[in-house]
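Here is structure.txt, consisting of compact mmCIF, C-alpha atoms:
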# COMPACT_ATOMS: atom_id res chain seq x y z
CA MET A 1 -1.12 -71.40 -16.22
CA ASN A 2 -1.15 -68.10 -18.12
CA LYS A 3 -4.96 -68.03 -17.91
CA ILE A 4 -4.83 -68.47 -14.13
CA ALA A 5 -2.29 -65.63 -13.80
CA PHE A 6 -4.46 -63.40 -15.98
CA VAL A 7 -7.56 -64.03 -13.87
CA PHE A 8 -5.63 -63.43 -10.63
CA SER A 9 -4.14 -60.13 -11.86
CA THR A 10 -7.55 -58.96 -13.03
CA LEU A 11 -9.13 -59.65 -9.65
CA LEU A 12 -6.25 -57.96 -7.82
CA TYR A 13 -6.48 -54.83 -10.01
CA GLY A 14 -10.23 -54.67 -9.46
CA TRP A 15 -9.80 -54.78 -5.68
CA LEU A 16 -7.20 -52.00 -5.82
CA VAL A 17 -9.47 -49.81 -7.91
CA ALA A 18 -12.39 -50.48 -5.57
CA LEU A 19 -10.27 -49.63 -2.50
CA ARG A 20 -9.11 -46.42 -4.16
CA ASP A 21 -12.69 -45.39 -4.92
CA LEU A 22 -13.81 -46.28 -1.40
CA PHE A 23 -11.00 -44.22 0.14
CA SER A 24 -11.91 -41.26 -2.08
CA ILE A 25 -15.55 -41.50 -0.96
CA PHE A 26 -14.42 -41.57 2.69
CA LEU A 27 -12.26 -38.46 2.25
CA ARG A 28 -15.16 -36.55 0.65
CA TRP A 29 -17.45 -37.58 3.53
CA LEU A 30 -14.85 -36.50 6.10
CA GLU A 31 -14.40 -33.11 4.41
CA LEU A 32 -18.18 -32.58 4.37
CA GLN A 33 -18.42 -33.36 8.09
CA CYS A 34 -15.57 -31.00 8.89
CA ARG A 35 -17.13 -28.22 6.83
CA ARG A 36 -20.46 -28.59 8.65
CA GLU A 37 -18.70 -28.51 12.02
CA ARG A 38 -16.62 -25.49 11.07
CA GLU A 39 -19.63 -23.51 9.79
CA GLY A 40 -21.49 -24.23 13.02
CA ARG A 41 -18.80 -22.71 15.22
CA ALA A 42 -18.96 -18.90 15.42
CA GLY A 43 -15.53 -17.34 15.49
CA ARG A 44 -13.75 -20.66 14.76
CA ALA A 45 -13.16 -20.25 11.01
CA SER A 46 -9.77 -21.50 9.87
CA PRO A 47 -7.96 -21.91 6.56
CA TYR A 48 -7.18 -25.46 7.69
CA VAL A 49 -9.75 -28.26 7.67
CA CYS A 50 -11.11 -29.23 11.10
CA ILE A 51 -8.28 -27.67 13.12
CA PRO A 52 -9.71 -25.73 16.12
CA ILE A 53 -8.06 -22.43 16.92
CA SER A 54 -6.81 -22.29 20.51
CA GLU A 55 -4.66 -19.14 20.34
CA PRO A 56 -6.68 -16.40 22.19
CA ALA A 57 -5.43 -13.60 19.95
CA PHE A 58 -7.34 -15.13 17.04
CA VAL A 59 -10.69 -15.26 18.79
CA LYS A 60 -10.53 -12.56 21.48
CA PRO A 61 -10.16 -8.78 21.12
CA ASP A 62 -7.96 -6.70 23.40
CA PRO A 63 -9.58 -3.25 23.79
CA LEU A 64 -7.52 -0.92 25.95
CA ILE A 65 -6.92 2.63 27.10
CA TYR A 66 -3.99 4.26 28.91
CA ALA A 67 -4.58 2.42 32.21
CA GLN A 68 -2.55 3.69 35.15
CA TYR A 69 -3.23 0.85 37.58
CA PHE A 70 -2.29 -1.80 35.02
CA LEU A 71 0.90 -0.01 33.94
CA MET A 72 1.99 0.50 37.55
CA SER A 73 1.46 -3.23 38.21
CA LEU A 74 4.00 -3.92 35.44
CA GLY A 75 6.57 -1.71 37.16
CA PHE A 76 6.19 1.33 34.90
CA ALA A 77 6.01 4.95 35.98
CA ILE A 78 2.70 6.67 35.18
CA THR A 79 1.11 10.05 34.71
CA TRP A 80 -2.45 10.99 35.66
CA ASP A 81 -2.55 13.42 32.71
CA ASN A 82 -4.12 10.73 30.52
CA PRO A 83 -3.15 10.95 26.81
CA ASP A 84 -6.34 9.05 25.83
CA ILE A 85 -8.85 11.30 27.65
CA GLU A 86 -9.52 14.87 26.52
CA LEU A 87 -12.01 17.61 27.35
CA ARG A 88 -13.24 19.89 24.56
CA LEU A 89 -15.28 23.09 24.48
CA ASN A 90 -16.71 24.04 21.07
CA GLY A 91 -14.23 21.62 19.51
CA ALA A 92 -11.15 23.09 21.23
CA PRO A 93 -9.19 21.07 23.82
CA VAL A 94 -9.44 22.31 27.41
CA PRO A 95 -7.12 21.16 30.23
CA SER A 96 -9.10 19.24 32.84
CA SER A 97 -7.69 21.58 35.48
CA GLN A 98 -9.30 24.61 33.81
CA ILE A 99 -12.91 23.49 33.51
CA GLU A 100 -15.59 25.89 34.73
CA PRO A 101 -18.61 25.04 36.88
CA ASP A 102 -22.07 24.49 35.40
CA LYS A 103 -20.82 24.37 31.79
CA THR A 104 -21.20 21.64 29.17
CA TYR A 105 -18.04 20.10 27.73
CA GLU A 106 -17.34 17.09 25.54
CA ILE A 107 -15.31 14.22 26.97
CA VAL A 108 -13.41 12.40 24.22
CA ALA A 109 -11.90 8.97 24.93
CA ARG A 110 -9.47 7.36 22.49
CA ILE A 111 -9.72 3.56 22.54
CA TRP A 112 -7.23 1.04 21.15
CA ASN A 113 -7.30 -2.64 20.21
CA ALA A 114 -4.14 -4.75 20.56
CA SER A 115 -5.66 -7.63 18.57
CA PRO A 116 -4.93 -7.62 14.82
CA VAL A 117 -7.83 -9.97 13.98
CA ALA A 118 -10.71 -9.54 16.47
CA PRO A 119 -12.80 -6.31 16.33
CA VAL A 120 -15.33 -5.31 18.98
CA VAL A 121 -18.91 -4.46 18.10
CA GLN A 122 -21.10 -2.27 20.33
CA MET A 123 -18.67 -2.20 23.26
CA PRO A 124 -20.00 -0.26 26.29
CA VAL A 125 -17.82 2.66 27.40
CA SER A 126 -18.70 4.19 30.78
CA PHE A 127 -17.81 7.76 31.80
CA SER A 128 -17.80 9.00 35.40
CA TYR A 129 -16.04 11.51 37.64
CA LEU A 130 -14.66 11.84 41.14
CA ASP A 131 -14.06 14.83 43.33
CA PHE A 132 -10.38 15.69 42.87
CA GLY A 133 -8.36 13.33 45.01
CA ILE A 134 -7.60 9.66 45.60
CA GLY A 135 -10.30 7.10 46.33
CA THR A 136 -13.21 9.54 46.30
CA VAL A 137 -16.77 8.55 45.35
CA ARG A 138 -17.52 7.86 41.68
CA VAL A 139 -20.42 9.76 40.05
CA PRO A 140 -21.77 8.34 36.73
CA ILE A 141 -21.93 10.60 33.66
CA ALA A 142 -23.01 8.37 30.76
CA THR A 143 -22.48 5.03 29.03
CA ILE A 144 -22.36 4.70 25.25
CA LYS A 145 -21.44 1.92 22.81
CA VAL A 146 -18.74 2.08 20.15
CA ASP A 147 -17.43 -0.17 17.38
CA LEU A 148 -13.69 -0.79 17.57
CA GLY A 149 -11.67 -2.05 14.61
CA VAL A 150 -8.64 -4.31 14.65
CA LEU A 151 -5.11 -3.08 15.20
CA GLY A 152 -4.05 -1.00 12.22
CA GLY A 153 -7.41 -1.35 10.48
CA PRO A 154 -10.39 0.95 9.84
CA ASN A 155 -12.03 2.52 12.90
CA HIS A 156 -8.84 2.12 14.94
CA PRO A 157 -8.39 3.82 17.26
CA ALA A 158 -12.05 4.45 17.98
CA PHE A 159 -13.35 7.55 19.77
CA ALA A 160 -16.13 7.65 22.35
CA VAL A 161 -17.62 11.12 22.90
CA VAL A 162 -20.17 12.20 25.52
CA PRO A 163 -21.35 15.63 26.72
CA TRP A 164 -20.75 16.47 30.37
CA LYS A 165 -22.28 19.36 32.27
CA THR A 166 -19.90 20.09 35.11
CA PRO A 167 -21.21 20.37 38.70
CA ALA A 168 -22.45 23.78 39.81
CA MET A 169 -19.89 23.83 42.62
CA SER A 170 -16.47 24.92 41.43
CA GLY A 171 -13.53 22.61 42.00
CA HIS A 172 -11.30 20.04 40.39
CA TYR A 173 -12.69 16.72 39.21
CA CYS A 174 -11.12 13.44 38.15
CA LEU A 175 -12.51 11.83 34.99
CA LEU A 176 -12.72 8.06 34.53
CA VAL A 177 -13.33 6.05 31.36
CA GLU A 178 -13.98 2.32 31.66
CA LEU A 179 -14.32 -0.20 28.83
CA THR A 180 -16.61 -3.17 29.47
CA PRO A 181 -16.34 -5.56 26.50
CA PHE A 182 -18.16 -8.90 26.54
CA ASP A 183 -14.84 -10.71 26.00
CA ASP A 184 -11.25 -9.57 26.33
CA ILE A 185 -7.73 -10.99 26.43
CA ASN A 186 -6.81 -8.57 29.23
CA PHE A 187 -9.50 -6.98 31.40
CA PHE A 188 -6.90 -5.10 33.49
CA ASN A 189 -6.11 -2.38 30.91
CA ASN A 190 -9.68 -1.11 30.53
CA LEU A 191 -9.80 1.72 33.11
CA GLY A 192 -8.22 5.09 32.38
CA GLN A 193 -8.17 8.11 34.65
CA GLU A 194 -7.56 11.82 34.03
CA ASN A 195 -6.56 13.51 37.29
CA LEU A 196 -4.70 16.74 36.57
CA VAL A 197 -4.55 20.19 38.14
CA VAL A 198 -2.32 23.10 37.17
CA GLY A 199 -1.18 25.71 39.67
CA THR A 200 0.84 28.89 39.15
CA ALA A 201 3.86 29.28 41.39
CA HIS A 202 4.35 32.92 42.38
CA SER A 203 6.42 31.53 45.23
CA PRO A 204 5.68 27.92 46.18
CA ALA A 205 2.65 26.32 44.50
CA VAL A 206 0.31 24.78 47.08
CA PHE A 207 -2.17 22.04 46.18
CA HIS A 208 -4.84 20.30 48.25
CA PHE A 209 -6.67 17.07 47.52
CA THR A 210 -8.50 14.36 49.42
CA LEU A 211 -7.17 10.88 50.14
CA ARG A 212 -9.95 8.44 51.00
CA ASN A 213 -9.91 4.76 51.88
CA ASP A 214 -12.42 3.32 49.39
CA THR A 215 -11.73 -0.31 50.40
CA PRO A 216 -13.42 -2.50 53.05
CA ARG A 217 -10.17 -2.82 55.04
CA GLN A 218 -7.94 -0.51 57.07
CA HIS A 219 -4.75 0.50 55.27
CA GLU A 220 -1.57 2.42 55.96
CA TYR A 221 -1.16 4.83 53.06
CA ARG A 222 2.11 6.39 51.97
CA LEU A 223 2.50 9.12 49.35
CA GLU A 224 5.38 9.41 46.89
CA ALA A 225 6.23 12.02 44.26
CA ASP A 226 8.03 11.70 40.92
CA ALA A 227 8.40 13.68 37.70
CA TYR A 228 7.52 11.11 35.02
CA VAL A 229 6.04 12.37 31.75
CA ILE A 230 5.26 10.36 28.63
CA PRO A 231 8.26 10.92 26.33
CA GLU A 232 8.14 11.70 22.64
CA LEU A 233 7.11 8.62 20.66
CA ASP A 234 9.67 6.92 18.48
CA PRO A 235 8.88 6.75 14.75
CA CYS A 236 6.99 3.63 13.65
CA ASP A 237 9.40 2.56 10.90
CA GLY A 238 9.22 -1.18 11.58
CA ARG A 239 12.92 -1.40 12.49
CA ARG A 240 12.59 -1.96 16.23
CA THR A 241 15.03 -4.56 17.54
CA GLU A 242 14.81 -6.40 20.84
CA GLU A 243 17.51 -4.10 22.23
CA MET A 244 15.46 -1.05 21.24
CA ARG A 245 12.42 -2.55 23.00
CA ARG A 246 14.50 -3.17 26.12
CA VAL A 247 15.70 0.45 26.14
CA GLN A 248 12.13 1.67 25.78
CA ARG A 249 10.97 -0.47 28.70
CA VAL A 250 13.76 0.86 30.88
CA ARG A 251 12.98 4.51 30.13
CA HIS A 252 9.41 4.02 31.45
CA GLN A 253 10.31 2.09 34.59
CA ARG A 254 9.11 3.30 37.94
CA GLY A 255 11.87 4.78 40.10
CA ARG A 256 13.83 6.29 37.21
CA HIS A 257 12.07 9.69 37.22
CA PRO A 258 13.01 11.54 40.43
CA ILE A 259 12.07 15.10 41.24
CA PRO A 260 14.45 17.34 39.24
CA THR A 261 17.45 18.88 40.95
CA GLY A 262 16.61 22.21 42.60
CA TRP A 263 12.91 21.42 43.04
CA GLN A 264 11.39 20.90 46.48
CA VAL A 265 8.23 18.86 47.05
CA LYS A 266 6.73 18.63 50.53
CA ILE A 267 3.75 16.31 51.20
CA VAL A 268 1.78 16.67 54.44
CA PRO A 269 1.04 14.10 55.71
CA GLU A 270 3.31 11.63 53.93
CA THR A 271 1.63 8.64 55.57
CA ALA A 272 -1.89 8.12 56.83
CA PRO A 273 -3.62 5.14 58.50
CA LEU A 274 -7.24 5.11 57.32
CA VAL A 275 -10.18 2.88 58.19
CA PRO A 276 -12.81 2.21 55.48
CA ASP A 277 -14.49 5.42 54.21
CA GLN A 278 -12.17 7.60 56.28
CA SER A 279 -10.48 10.46 54.42
CA VAL A 280 -7.75 12.98 55.03
CA SER A 281 -6.78 16.23 53.32
CA ILE A 282 -3.35 16.14 51.67
CA GLN A 283 -1.30 19.30 51.12
CA VAL A 284 1.48 19.32 48.54
CA THR A 285 3.82 22.31 48.39
CA VAL A 286 6.04 22.54 45.32
CA THR A 287 8.86 25.07 45.16
CA PRO A 288 10.60 25.51 41.78
CA PRO A 289 14.24 26.56 41.50
CA ALA A 290 15.00 30.25 41.06
CA GLY A 291 14.70 31.40 37.46
CA PHE A 292 12.63 28.44 36.22
CA LYS A 293 10.11 29.29 33.50
CA GLY A 294 7.64 26.82 32.06
CA THR A 295 5.56 23.92 33.40
CA GLN A 296 6.80 20.98 35.42
CA PRO A 297 4.49 18.01 36.07
CA ILE A 298 4.71 16.40 39.51
CA ASN A 299 2.97 13.04 40.05
CA VAL A 300 1.82 12.20 43.57
CA ASN A 301 0.89 8.53 44.00
CA ALA A 302 -0.63 6.85 47.05
CA PHE A 303 0.24 3.27 47.96
CA HIS A 304 -0.80 0.81 50.64
CA GLU A 305 0.30 -2.74 51.37
CA GLU A 306 -1.74 -4.11 48.44
CA GLY A 307 -0.29 -1.73 45.84
CA LEU A 308 -1.32 1.49 44.08
CA ALA A 309 -4.34 3.27 45.57
CA GLY A 310 -4.45 6.17 43.11
CA GLY A 311 -2.79 9.46 42.39
CA VAL A 312 -2.85 12.94 40.90
CA THR A 313 -0.65 14.90 38.54
CA LEU A 314 0.15 18.47 39.55
CA GLY A 315 1.36 20.88 36.91
CA VAL A 316 3.50 23.69 38.31
CA THR A 317 3.70 26.72 36.00
CA THR A 318 5.96 29.75 36.33
CA GLY A 319 6.89 32.72 34.18

Written as structure tokens, that's how I'd like the structure from this file.
Amino acid sequence: MNKIAFVFSTLLYGWLVALRDLFSIFLRWLELQCRREREGRAGRASPYVCIPISEPAFVKPDPLIYAQYFLMSLGFAITWDNPDIELRLNGAPVPSSQIEPDKTYEIVARIWNASPVAPVVQMPVSFSYLDFGIGTVRVPIATIKVDLGVLGGPNHPAFAVVPWKTPAMSGHYCLLVELTPFDDINFFNNLGQENLVVGTAHSPAVFHFTLRNDTPRQHEYRLEADAYVIPELDPCDGRRTEEMRRVQRVRHQRGRHPIPTGWQVKIVPETAPLVPDQSVSIQVTVTPPAGFKGTQPINVNAFHEEGLAGGVTLGVTTG
């Protein structure tokens, strides 16, 4: 009986050892297959074996610029004095409202990436300009390619720089910078616009610009003015709470930046029905209060039934 039990236990142990070895071989085969699959998928690398990454932030970049149309769609107030677009002459910044005709400047665009893990290589950046106004015809300047690093990493933000010889005819011009990445989490924050003019108020300051219907449909346009400016940035100390974020969102909301007390802004006409390609000249008269010295930005935005059509920022300077 003892001999039978010995033989049975030996056979059972042998089967267990064989099953263990077979399971180990299967695991090694499975790991090899997963490694081959992982190495064959560009942009799908993961610290975990054979787990595909589905979160877009891990595989898609988010290049962006201060984008007025996108910010307005979120309910924020905007300025057309774009903090990410700058004109320079011999290395010195020049306000876009003070450019001279038939002279070569540098346009510098600052470009951001909201993704902490996905850089952008050789991203096209297109520069163009419009006659000063809303909805006027776009004229190409140049397109270059830039490399953009990840959020907080090297080459972030990136800067795209192109020379621009201004038109021979004097006047005000609106600059546009458009990012055209191959892939993007959000394609709506890729167009930035610099549309600023400064006028000196000896009495009222009077501005003129063109409003044009650049859509294929007739629209009823209405023009509104506000006094929004980008406030001083809070320090990046890593201590932002949800309540602090809520307060920041509120301070940028559209409708919370009325024309200051004592200022008068008159827009003629305030509304305009326009068929496609039709345009109208808009006159804005800004009267500062007595004794004011300094510069006050006034934003004039045009809307139709589908949303924001465009706008300009007028800087009124006295003293």

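If you count only C-alpha atoms and ignore residues fewer than 3 places along the chain from Trp263 (chain A), what sits within 10 Å of it is Ile259, Pro260, Val286, Thr287, Pro288, Pro289, Ala290, Phe292 and Gln296 of chain A.
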
Between CA of Gln264 (chain A) and CA of Ala77 (chain A) - distance in Å to one decimal:
19.8 Å

Around (-7.5, -0.3, 58.8) in the file's own coordinates, what residues are found within 10 Å if you use all atoms listed in the file, given back as an MDAnalysis selection string?
chainID A and resid 213 215:221 273:276 278

Since we have the selection now, will you write its residues out, keeping C-alpha atoms, as a PDB file, in the coordinates of the input?
ATOM      1  CA  ASN A 213      -9.910   4.760  51.880  1.00  0.00           C
ATOM      2  CA  THR A 215     -11.730  -0.310  50.400  1.00  0.00           C
ATOM      3  CA  PRO A 216     -13.420  -2.500  53.050  1.00  0.00           C
ATOM      4  CA  ARG A 217     -10.170  -2.820  55.040  1.00  0.00           C
ATOM      5  CA  GLN A 218      -7.940  -0.510  57.070  1.00  0.00           C
ATOM      6  CA  HIS A 219      -4.750   0.500  55.270  1.00  0.00           C
ATOM      7  CA  GLU A 220      -1.570   2.420  55.960  1.00  0.00           C
ATOM      8  CA  TYR A 221      -1.160   4.830  53.060  1.00  0.00           C
ATOM      9  CA  PRO A 273      -3.620   5.140  58.500  1.00  0.00           C
ATOM     10  CA  LEU A 274      -7.240   5.110  57.320  1.00  0.00           C
ATOM     11  CA  VAL A 275     -10.180   2.880  58.190  1.00  0.00           C
ATOM     12  CA  PRO A 276     -12.810   2.210  55.480  1.00  0.00           C
ATOM     13  CA  GLN A 278     -12.170   7.600  56.280  1.00  0.00           C
TER      14      GLN A 278
END

From the set A:Asn113, A:Gln253, A:Ser97, A:Asn155, which residue has the shortest atom-to-atom contact distance to Phe76 (chain A), counting all atoms listed in the file?
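Among A:Asn113, A:Gln253, A:Ser97, A:Asn155, it is A:Gln253 that comes nearest to Phe76 (chain A).
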
Which residue is closest to Ser115 (chain A)? Choose from A:Pro61, A:Pro163, A:Gly149, A:Pro157 and count only C-alpha atoms.
A:Pro61

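Between Asp84 (chain A) and the residues A:Thr318, A:Gln98, A:Gln193, A:Ser203, the shortest atom-to-atom distance, using all atoms listed in the file, involves A:Gln193.
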
Kindly indicate which residue among A:Val121, A:Ala168, A:Val250, A:Ala302 lies nearest to Leu211 (chain A), using all atoms listed in the file for the distances.
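When distances to Leu211 (chain A) are compared using all atoms listed in the file, the smallest one comes from A:Ala302.
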
Go through A:His156, A:Arg110, A:Arg254, A:Lys165 one by one, measure the shortest atom-to-atom distance of each to Ala225 (chain A) using all atoms listed in the file, and give the residue with the smallest value.
A:Arg254

Residue among A:Phe127, A:Phe303, A:Phe207, A:Phe188 lying closest to Glu106 (chain A), counting all atoms listed in the file
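Under the stated criterion, the closest residue is A:Phe127.
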
Quick one: residues within 8 Å of Thr79 (chain A), only C-alpha atoms, excluding same-chain residues fewer than 6 positions away - as a list in words?
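Counting only C-alpha atoms, the residues come to Gln68, Tyr228, Val229, Ile230, Asn299, Val312 and Thr313 of chain A.
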
Using CA of Ile267 (chain A) and CA of Val206 (chain A) as the two end points, give the distance in Å to one decimal.
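Interatomic distance, CA of Ile267 (chain A) to CA of Val206 (chain A): 10.0 Å.
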
Quick one, how far is CA of Phe209 (chain A) from CA of Leu64 (chain A)?
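Calculated distance between CA of Phe209 (chain A) and CA of Leu64 (chain A) is 28.1 Å.
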